[in-house]
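Next up, data_27.txt (compact mmCIF, C-alpha atoms and all ligand atoms):
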# COMPACT_ATOMS: atom_id res chain seq x y z
CA MET A 1 36.52 -22.65 222.24
CA ASP A 2 35.96 -26.38 221.76
CA LEU A 3 38.70 -29.03 221.74
CA ALA A 4 38.90 -29.16 217.94
CA GLN A 5 39.44 -25.39 217.80
CA TYR A 6 42.04 -25.61 220.58
CA VAL A 7 43.99 -28.26 218.65
CA LYS A 8 43.68 -26.18 215.48
CA THR A 9 45.26 -23.17 217.18
CA LEU A 10 48.16 -25.37 218.37
CA ASN A 11 48.63 -26.82 214.89
CA THR A 12 48.55 -23.47 213.13
CA GLY A 13 52.08 -22.19 212.96
CA HIS A 14 53.96 -19.72 210.82
CA GLU A 15 52.38 -19.27 207.36
CA SER A 16 54.95 -19.25 204.56
CA TYR A 17 52.50 -18.20 201.83
CA PRO A 18 50.23 -15.57 203.46
CA ASP A 19 49.53 -13.84 200.15
CA ILE A 20 48.22 -17.04 198.58
CA LEU A 21 46.17 -17.94 201.62
CA SER A 22 44.66 -14.43 201.71
CA TYR A 23 43.84 -14.69 198.00
CA ALA A 24 42.16 -18.06 198.62
CA VAL A 25 40.08 -16.66 201.47
CA GLU A 26 39.17 -13.54 199.49
CA LYS A 27 38.20 -15.41 196.32
CA ASN A 28 36.62 -18.38 198.07
CA VAL A 29 39.11 -20.89 196.71
CA PRO A 30 38.93 -24.02 198.86
CA VAL A 31 42.39 -24.94 200.19
CA ILE A 32 43.55 -27.43 202.78
CA ASP A 33 42.95 -26.50 206.45
CA SER A 34 46.01 -25.46 208.44
CA ASP A 35 45.93 -28.42 210.82
CA ALA A 36 45.48 -30.97 208.00
CA LEU A 37 48.36 -29.25 206.21
CA ALA A 38 50.56 -29.59 209.31
CA ALA A 39 49.77 -33.33 209.39
CA LEU A 40 50.42 -33.70 205.64
CA LYS A 41 53.84 -32.01 205.92
CA HIS A 42 54.69 -34.13 208.94
CA LEU A 43 53.89 -37.28 206.99
CA ILE A 44 56.18 -36.03 204.22
CA ARG A 45 58.98 -35.64 206.76
CA ILE A 46 58.38 -39.00 208.45
CA LYS A 47 58.43 -40.80 205.08
CA ALA A 48 61.19 -38.57 203.67
CA ALA A 49 58.83 -38.35 200.68
CA LYS A 50 60.20 -36.30 197.80
CA THR A 51 57.92 -37.01 194.86
CA TYR A 52 54.25 -36.05 195.03
CA LEU A 53 51.28 -36.54 192.74
CA GLU A 54 48.45 -34.17 193.58
CA ILE A 55 44.91 -34.39 192.24
CA GLY A 56 43.38 -30.92 192.58
CA THR A 57 45.98 -28.13 192.37
CA ALA A 58 43.60 -25.19 192.88
CA ILE A 59 45.95 -22.18 193.12
CA GLY A 60 49.00 -24.17 194.23
CA TYR A 61 48.75 -23.55 197.97
CA SER A 62 49.08 -27.16 199.19
CA GLY A 63 51.58 -27.88 196.41
CA LEU A 64 53.86 -25.05 197.54
CA HIS A 65 53.68 -26.28 201.11
CA MET A 66 54.52 -29.84 200.10
CA LEU A 67 57.48 -28.62 198.05
CA SER A 68 58.71 -26.49 200.95
CA VAL A 69 59.64 -29.53 203.06
CA TYR A 70 62.54 -30.65 200.83
CA ASP A 71 64.44 -28.46 198.34
CA ASP A 72 64.92 -31.39 195.99
CA SER A 73 61.30 -32.58 195.98
CA ARG A 74 59.08 -32.66 192.87
CA LEU A 75 55.37 -32.25 192.29
CA ILE A 76 53.11 -33.50 189.55
CA THR A 77 49.73 -31.84 189.90
CA ILE A 78 46.44 -31.87 187.98
CA GLU A 79 43.81 -29.12 187.81
CA LYS A 80 40.85 -28.91 185.45
CA ASP A 81 39.87 -25.27 186.06
CA GLU A 82 41.84 -23.02 183.71
CA ALA A 83 41.83 -19.87 185.87
CA SER A 84 42.99 -21.81 188.95
CA TYR A 85 45.66 -23.59 186.92
CA GLU A 86 47.00 -20.27 185.55
CA THR A 87 47.12 -18.77 189.05
CA ALA A 88 48.88 -21.88 190.38
CA VAL A 89 51.53 -21.70 187.66
CA GLU A 90 52.09 -18.01 188.51
CA ASN A 91 52.38 -18.87 192.20
CA PHE A 92 54.87 -21.69 191.57
CA SER A 93 56.92 -19.27 189.49
CA LYS A 94 56.66 -16.47 192.08
CA TYR A 95 58.09 -18.79 194.75
CA LYS A 96 60.75 -20.13 192.37
CA VAL A 97 59.67 -23.76 192.36
CA GLY A 98 58.34 -23.80 188.79
CA SER A 99 61.19 -26.05 187.62
CA ARG A 100 60.18 -28.65 190.21
CA VAL A 101 56.53 -28.74 189.16
CA ASP A 102 54.85 -30.62 186.34
CA ALA A 103 51.43 -28.93 186.27
CA HIS A 104 48.64 -30.34 184.08
CA LEU A 105 45.55 -28.47 182.98
CA ASP A 106 43.29 -31.46 182.53
CA ASP A 107 40.45 -33.51 183.96
CA ALA A 108 41.92 -36.04 186.39
CA LYS A 109 39.08 -38.44 185.59
CA THR A 110 40.23 -38.85 182.01
CA ILE A 111 43.87 -37.68 181.86
CA ASP A 112 46.35 -40.11 180.40
CA LEU A 113 49.31 -39.43 182.66
CA ASN A 114 52.65 -40.27 181.12
CA LEU A 115 54.15 -41.60 184.32
CA ASP A 116 55.78 -44.87 185.36
CA GLU A 117 53.94 -47.13 187.76
CA ALA A 118 55.27 -47.14 191.34
CA SER A 119 57.23 -43.92 190.82
CA VAL A 120 55.94 -41.38 193.36
CA ASP A 121 56.31 -41.35 197.15
CA MET A 122 52.98 -39.75 197.91
CA LEU A 123 49.60 -39.33 196.22
CA PHE A 124 47.46 -36.48 197.56
CA ILE A 125 43.81 -36.69 196.48
CA ASP A 126 42.06 -33.33 196.88
CA ALA A 127 39.69 -32.79 193.94
CA SER A 128 35.98 -33.56 193.43
CA LYS A 129 35.15 -35.54 196.56
CA GLY A 130 32.57 -37.80 194.94
CA ASN A 131 35.34 -39.19 192.77
CA ASN A 132 37.68 -40.25 195.59
CA GLN A 133 37.27 -43.93 194.71
CA LEU A 134 37.87 -43.30 191.01
CA PHE A 135 40.98 -41.22 191.78
CA PHE A 136 42.27 -43.83 194.22
CA ASP A 137 41.82 -46.65 191.68
CA LYS A 138 43.30 -44.64 188.82
CA PHE A 139 46.29 -43.04 190.52
CA SER A 140 47.36 -45.38 193.34
CA PRO A 141 49.30 -47.61 190.88
CA PHE A 142 51.69 -44.65 190.44
CA VAL A 143 52.61 -44.79 194.15
CA LYS A 144 55.67 -46.77 195.24
CA GLU A 145 55.04 -49.92 197.26
CA ASP A 146 56.10 -48.25 200.52
CA GLY A 147 54.42 -44.94 199.63
CA LEU A 148 51.45 -43.10 201.06
CA ILE A 149 48.08 -41.99 199.75
CA VAL A 150 46.45 -39.07 201.54
CA VAL A 151 42.86 -37.96 200.94
CA ASP A 152 41.49 -34.63 202.20
CA ASN A 153 37.92 -33.66 203.21
CA ILE A 154 36.74 -37.16 204.07
CA LEU A 155 34.27 -35.66 206.59
CA LEU A 156 32.66 -33.20 204.14
CA ARG A 157 32.33 -30.59 206.93
CA GLY A 158 29.97 -32.95 208.77
CA LEU A 159 27.81 -33.87 205.79
CA VAL A 160 29.14 -37.42 205.87
CA ILE A 161 27.07 -38.21 209.02
CA ASP A 162 24.13 -35.94 208.24
CA ASP A 163 20.93 -38.00 207.98
CA GLY A 164 18.73 -35.00 207.27
CA ILE A 165 20.00 -34.04 203.83
CA THR A 166 17.16 -33.10 201.52
CA GLY A 167 18.99 -32.16 198.29
CA ARG A 168 19.62 -35.05 195.89
CA ASN A 169 23.12 -33.95 194.86
CA LYS A 170 24.28 -33.46 198.43
CA ARG A 171 22.86 -36.85 199.43
CA LYS A 172 24.63 -38.53 196.50
CA LEU A 173 27.90 -36.82 197.46
CA LYS A 174 27.54 -37.94 201.05
CA GLU A 175 26.83 -41.53 199.95
CA LYS A 176 29.82 -41.60 197.61
CA VAL A 177 32.27 -40.21 200.16
CA ASP A 178 30.94 -42.50 202.87
CA ALA A 179 31.14 -45.52 200.54
CA PHE A 180 34.77 -44.70 199.76
CA ASN A 181 35.60 -44.25 203.47
CA GLN A 182 33.90 -47.56 204.37
CA ASN A 183 35.60 -49.33 201.50
CA MET A 184 39.03 -48.11 202.60
CA SER A 185 38.27 -48.96 206.20
CA LYS A 186 37.49 -52.59 205.22
CA SER A 187 40.34 -52.90 202.74
CA ASN A 188 43.66 -54.64 203.25
CA TYR A 189 45.44 -51.31 203.18
CA PRO A 190 46.59 -49.94 206.54
CA THR A 191 44.50 -46.77 207.04
CA SER A 192 44.20 -43.92 209.54
CA PHE A 193 41.14 -41.67 209.51
CA LEU A 194 42.38 -38.50 211.19
CA PRO A 195 39.87 -35.90 212.46
CA VAL A 196 42.12 -32.96 211.59
CA GLY A 197 40.88 -30.16 209.36
CA ASP A 198 37.99 -31.59 207.38
CA GLY A 199 39.25 -35.13 207.93
CA LEU A 200 42.39 -36.60 206.46
CA LEU A 201 42.62 -40.24 205.39
CA VAL A 202 46.11 -41.71 205.34
CA ILE A 203 46.56 -44.98 203.47
CA SER A 204 49.75 -47.03 203.21
CA LYS A 205 50.17 -48.49 199.76
CA SER A 206 51.63 -51.73 201.14
CA GLN A 207 48.77 -54.10 201.91
CA VAL A 208 48.57 -56.07 205.17
C1 LIG A 301 39.87 -28.47 197.34
S1 LIG A 301 40.50 -27.78 195.88
C2 LIG A 301 42.21 -28.19 195.93
C3 LIG A 301 42.93 -27.45 196.99
C4 LIG A 301 44.44 -27.57 196.95
N1 LIG A 301 44.86 -28.97 196.93
C5 LIG A 301 45.02 -26.87 198.14
O1 LIG A 301 44.82 -27.36 199.28
O2 LIG A 301 45.66 -25.82 197.99
C6 LIG A 301 39.91 -28.89 194.65
C7 LIG A 301 40.37 -28.55 193.25
O3 LIG A 301 40.17 -29.71 192.45
C8 LIG A 301 39.78 -29.29 191.17
N2 LIG A 301 39.10 -30.42 190.53
C9 LIG A 301 37.87 -30.91 190.80
N3 LIG A 301 37.60 -31.96 190.03
C10 LIG A 301 38.70 -32.15 189.24
C11 LIG A 301 39.02 -33.08 188.23
N4 LIG A 301 38.16 -34.03 187.86
N5 LIG A 301 40.23 -32.99 187.63
C12 LIG A 301 41.11 -32.02 188.01
N6 LIG A 301 40.85 -31.10 188.96
C13 LIG A 301 39.66 -31.17 189.57
C14 LIG A 301 38.89 -28.09 191.41
O4 LIG A 301 38.80 -27.27 190.26
C15 LIG A 301 39.59 -27.42 192.59
O5 LIG A 301 40.48 -26.42 192.15
Could you express the structure from this file as structure tokens?
Ligand SMILES: C[S@@+](CC[C@H](N)C(=O)[O-])C[C@H]1O[C@@H](n2cnc3c(N)ncnc32)[C@H](O)[C@@H]1O
Amino acid sequence: MDLAQYVKTLNTGHESYPDILSYAVEKNVPVIDSDALAALKHLIRIKAAKTYLEIGTAIGYSGLHMLSVYDDSRLITIEKDEASYETAVENFSKYKVGSRVDAHLDDAKTIDLNLDEASVDMLFIDASKGNNQLFFDKFSPFVKEDGLIVVDNILLRGLVIDDGITGRNKRKLKEKVDAFNQNMSKSNYPTSFLPVGDGLLVISKSQV
């Protein structure tokens, strides 16, 4: 066992949605890693964040976990894949949080979200990784001034430092994710690049 695996075992606690996680594993649906999820939920607690905007619902696994922290929290979430969206809606209903979720079947790149600026406590970006910059630019105005923006998979399972990539698409993806990471690192936003899961980037909306 290496150190990363050791930390992962410590961070992996009781699973509240084992059926959904099993479904994700079985059907190869990518969902947030357990240790990144633990960090995300901790951030929610620290900030007492109760309104979330999620880009990339998949089957509702991370959304359910976010909503589990506070009974009076609300989630707006966007998914472009119809089958995933339908499953997510079923899962939200199954766990009786449907009334707290505003789920959109749409492309986050083009959706016209009817939402006030500076109205959510946390933005969670977890969709097509090559569009992280686009999603940040488009959706960060919806985050309150003291809110947080969290981006998952900023390490691309190691691809982000792989100099031997031969495929054009993979190389482009690597370049885009790296460019976003570098851009955030140099920005006036306070940032933390956390090596949990597949890498979690935490950005404070308030600029320094
Ligand atoms: C990594 S999965 C999300 C996992 C989920 N947040 C979780 O941890 O349970 C990424 C999802 O984003 C969706 N997606 C990718 N590009 C998108 C876009 N432009 N608009 C909306 N959804 C998108 C994919 O269909 C996929 O279901």
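As for CA of Arg45 (chain A) and CA of Val69 (chain A), they are spaced 7.2 Å apart.
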Return as a compact mmCIF listing (two decimals) with C-alpha atoms, in the coordinates of the input the residues of protein, DNA or RNA that approach ligand LIG 301 (chain A) to within 9 Å, with all atoms listed in the file taken into account.
# COMPACT_ATOMS: atom_id res chain seq x y z
CA LEU A 21 46.17 -17.94 201.62
CA ALA A 24 42.16 -18.06 198.62
CA VAL A 29 39.11 -20.89 196.71
CA PRO A 30 38.93 -24.02 198.86
CA VAL A 31 42.39 -24.94 200.19
CA ILE A 32 43.55 -27.43 202.78
CA ASP A 33 42.95 -26.50 206.45
CA LEU A 37 48.36 -29.25 206.21
CA GLU A 54 48.45 -34.17 193.58
CA ILE A 55 44.91 -34.39 192.24
CA GLY A 56 43.38 -30.92 192.58
CA THR A 57 45.98 -28.13 192.37
CA ALA A 58 43.60 -25.19 192.88
CA ILE A 59 45.95 -22.18 193.12
CA GLY A 60 49.00 -24.17 194.23
CA TYR A 61 48.75 -23.55 197.97
CA SER A 62 49.08 -27.16 199.19
CA GLY A 63 51.58 -27.88 196.41
CA LEU A 64 53.86 -25.05 197.54
CA HIS A 65 53.68 -26.28 201.11
CA THR A 77 49.73 -31.84 189.90
CA ILE A 78 46.44 -31.87 187.98
CA GLU A 79 43.81 -29.12 187.81
CA LYS A 80 40.85 -28.91 185.45
CA ASP A 81 39.87 -25.27 186.06
CA GLU A 82 41.84 -23.02 183.71
CA SER A 84 42.99 -21.81 188.95
CA TYR A 85 45.66 -23.59 186.92
CA HIS A 104 48.64 -30.34 184.08
CA LEU A 105 45.55 -28.47 182.98
CA ASP A 106 43.29 -31.46 182.53
CA ASP A 107 40.45 -33.51 183.96
CA ALA A 108 41.92 -36.04 186.39
CA LYS A 109 39.08 -38.44 185.59
CA THR A 110 40.23 -38.85 182.01
CA ILE A 111 43.87 -37.68 181.86
CA PHE A 124 47.46 -36.48 197.56
CA ILE A 125 43.81 -36.69 196.48
CA ASP A 126 42.06 -33.33 196.88
CA ALA A 127 39.69 -32.79 193.94
CA SER A 128 35.98 -33.56 193.43
CA LYS A 129 35.15 -35.54 196.56
CA ASN A 131 35.34 -39.19 192.77
CA PHE A 135 40.98 -41.22 191.78
CA ASP A 152 41.49 -34.63 202.20
CA ASN A 153 37.92 -33.66 203.21
TODO: Excluding Gly158 (chain A) and any residue of its chain fewer than 3 positions from it, enumerate the residues within 12 Å of it, using all atoms listed in the file, and give them as a ChimeraX atom specification.
DONE: /A:153-155,161-165,170,174,177-178,195,197-199
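Closest to Gln5 (chain A) among A:Ile44, A:Val120, A:Val196, A:Val143 is A:Val196, based on all atoms listed in the file.
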- [ ] Would you work out the distance separating CA of Lys27 (chain A) from CA of Ile76 (chain A), expressed in Å to one decimal?
- [x] 24.4 Å
Task: Nearest to Ile203 (chain A), chosen from A:Ala48, A:Val101, A:Val89, A:Leu43, with all atoms listed in the file counted in the distances - done: A:Leu43
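When CA of Phe180 (chain A) is paired with CA of Leu134 (chain A), their separation reads 9.4 Å.
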TODO: Using all atoms listed in the file, pick whichever of A:Val97, A:Ala36, A:Leu75, A:Ala103 has the shortest atom-to-atom distance to Leu201 (chain A).
DONE: A:Ala36
To box region 22-34 of chain A, take all atoms listed in the file, fit an axis-aligned box, add 6 Å on each side, and give centre and edge lengths in Å to one decimal, as lines of an AutoDock Vina configuration file.
center_x = 41.3
center_y = -20.5
center_z = 202.4
size_x = 21.4
size_y = 25.9
size_z = 24.1
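Ranking A:Thr51, A:Asn91, A:Asn28, A:Asn183 by their shortest atom-to-atom distance to Ala118 (chain A), with all atoms listed in the file included, puts A:Thr51 first.
When all atoms listed in the file are used to compute distances to Val151 (chain A), the closest of the residues A:Leu53, A:Asn188, A:Lys172, A:Leu115 turns out to be A:Leu53.
Minimum atom-to-atom distance to Thr9 (chain A), evaluated using all atoms listed in the file, belongs to A:Asp35 out of A:Glu26, A:Asp137, A:Glu117, A:Asp35.
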Saving region 168-188 of chain A with N, CA and C atoms, as a short mmCIF file (atom, residue, chain, number, x, y, z; two decimals), in the first residue's frame, what would that file be?
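See out.cif below for the written result:
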data_model
loop_
_atom_site.label_atom_id
_atom_site.label_comp_id
_atom_site.auth_asym_id
_atom_site.auth_seq_id
_atom_site.Cartn_x
_atom_site.Cartn_y
_atom_site.Cartn_z
N ARG A 168 -3.78 12.59 -30.23
CA ARG A 168 -4.01 14.04 -30.35
C ARG A 168 -5.06 14.53 -29.34
N ASN A 169 -6.17 13.77 -29.22
CA ASN A 169 -7.25 14.19 -28.34
C ASN A 169 -6.81 14.22 -26.88
N LYS A 170 -6.07 13.17 -26.50
CA LYS A 170 -5.59 13.10 -25.12
C LYS A 170 -4.63 14.25 -24.83
N ARG A 171 -3.75 14.54 -25.84
CA ARG A 171 -2.79 15.62 -25.63
C ARG A 171 -3.50 16.97 -25.49
N LYS A 172 -4.52 17.16 -26.30
CA LYS A 172 -5.31 18.41 -26.25
C LYS A 172 -5.99 18.55 -24.89
N LEU A 173 -6.55 17.41 -24.40
CA LEU A 173 -7.22 17.42 -23.10
C LEU A 173 -6.24 17.79 -22.00
N LYS A 174 -5.08 17.15 -22.04
CA LYS A 174 -4.04 17.43 -21.06
C LYS A 174 -3.68 18.92 -21.07
N GLU A 175 -3.48 19.46 -22.29
CA GLU A 175 -3.08 20.86 -22.42
C GLU A 175 -4.15 21.80 -21.87
N LYS A 176 -5.41 21.46 -22.13
CA LYS A 176 -6.51 22.33 -21.68
C LYS A 176 -6.64 22.30 -20.16
N VAL A 177 -6.55 21.10 -19.58
CA VAL A 177 -6.68 21.00 -18.12
C VAL A 177 -5.49 21.68 -17.45
N ASP A 178 -4.30 21.45 -18.00
CA ASP A 178 -3.11 22.07 -17.42
C ASP A 178 -3.20 23.60 -17.54
N ALA A 179 -3.66 24.09 -18.69
CA ALA A 179 -3.78 25.54 -18.88
C ALA A 179 -4.75 26.14 -17.86
N PHE A 180 -5.85 25.44 -17.62
CA PHE A 180 -6.81 25.92 -16.62
C PHE A 180 -6.17 25.94 -15.22
N ASN A 181 -5.49 24.82 -14.87
CA ASN A 181 -4.84 24.76 -13.55
C ASN A 181 -3.83 25.89 -13.38
N GLN A 182 -2.99 26.09 -14.43
CA GLN A 182 -1.96 27.15 -14.34
C GLN A 182 -2.62 28.53 -14.22
N ASN A 183 -3.67 28.71 -14.99
CA ASN A 183 -4.38 29.99 -14.98
C ASN A 183 -4.94 30.30 -13.58
N MET A 184 -5.54 29.27 -12.97
CA MET A 184 -6.10 29.45 -11.63
C MET A 184 -4.99 29.70 -10.61
N SER A 185 -3.89 28.98 -10.80
CA SER A 185 -2.77 29.11 -9.88
C SER A 185 -2.21 30.54 -9.88
N LYS A 186 -2.24 31.18 -11.07
CA LYS A 186 -1.67 32.53 -11.20
C LYS A 186 -2.72 33.62 -10.97
N SER A 187 -3.96 33.23 -10.78
CA SER A 187 -5.03 34.22 -10.68
C SER A 187 -5.03 34.90 -9.31
N ASN A 188 -5.89 35.87 -9.16
CA ASN A 188 -6.02 36.56 -7.88
C ASN A 188 -6.95 35.83 -6.92
#
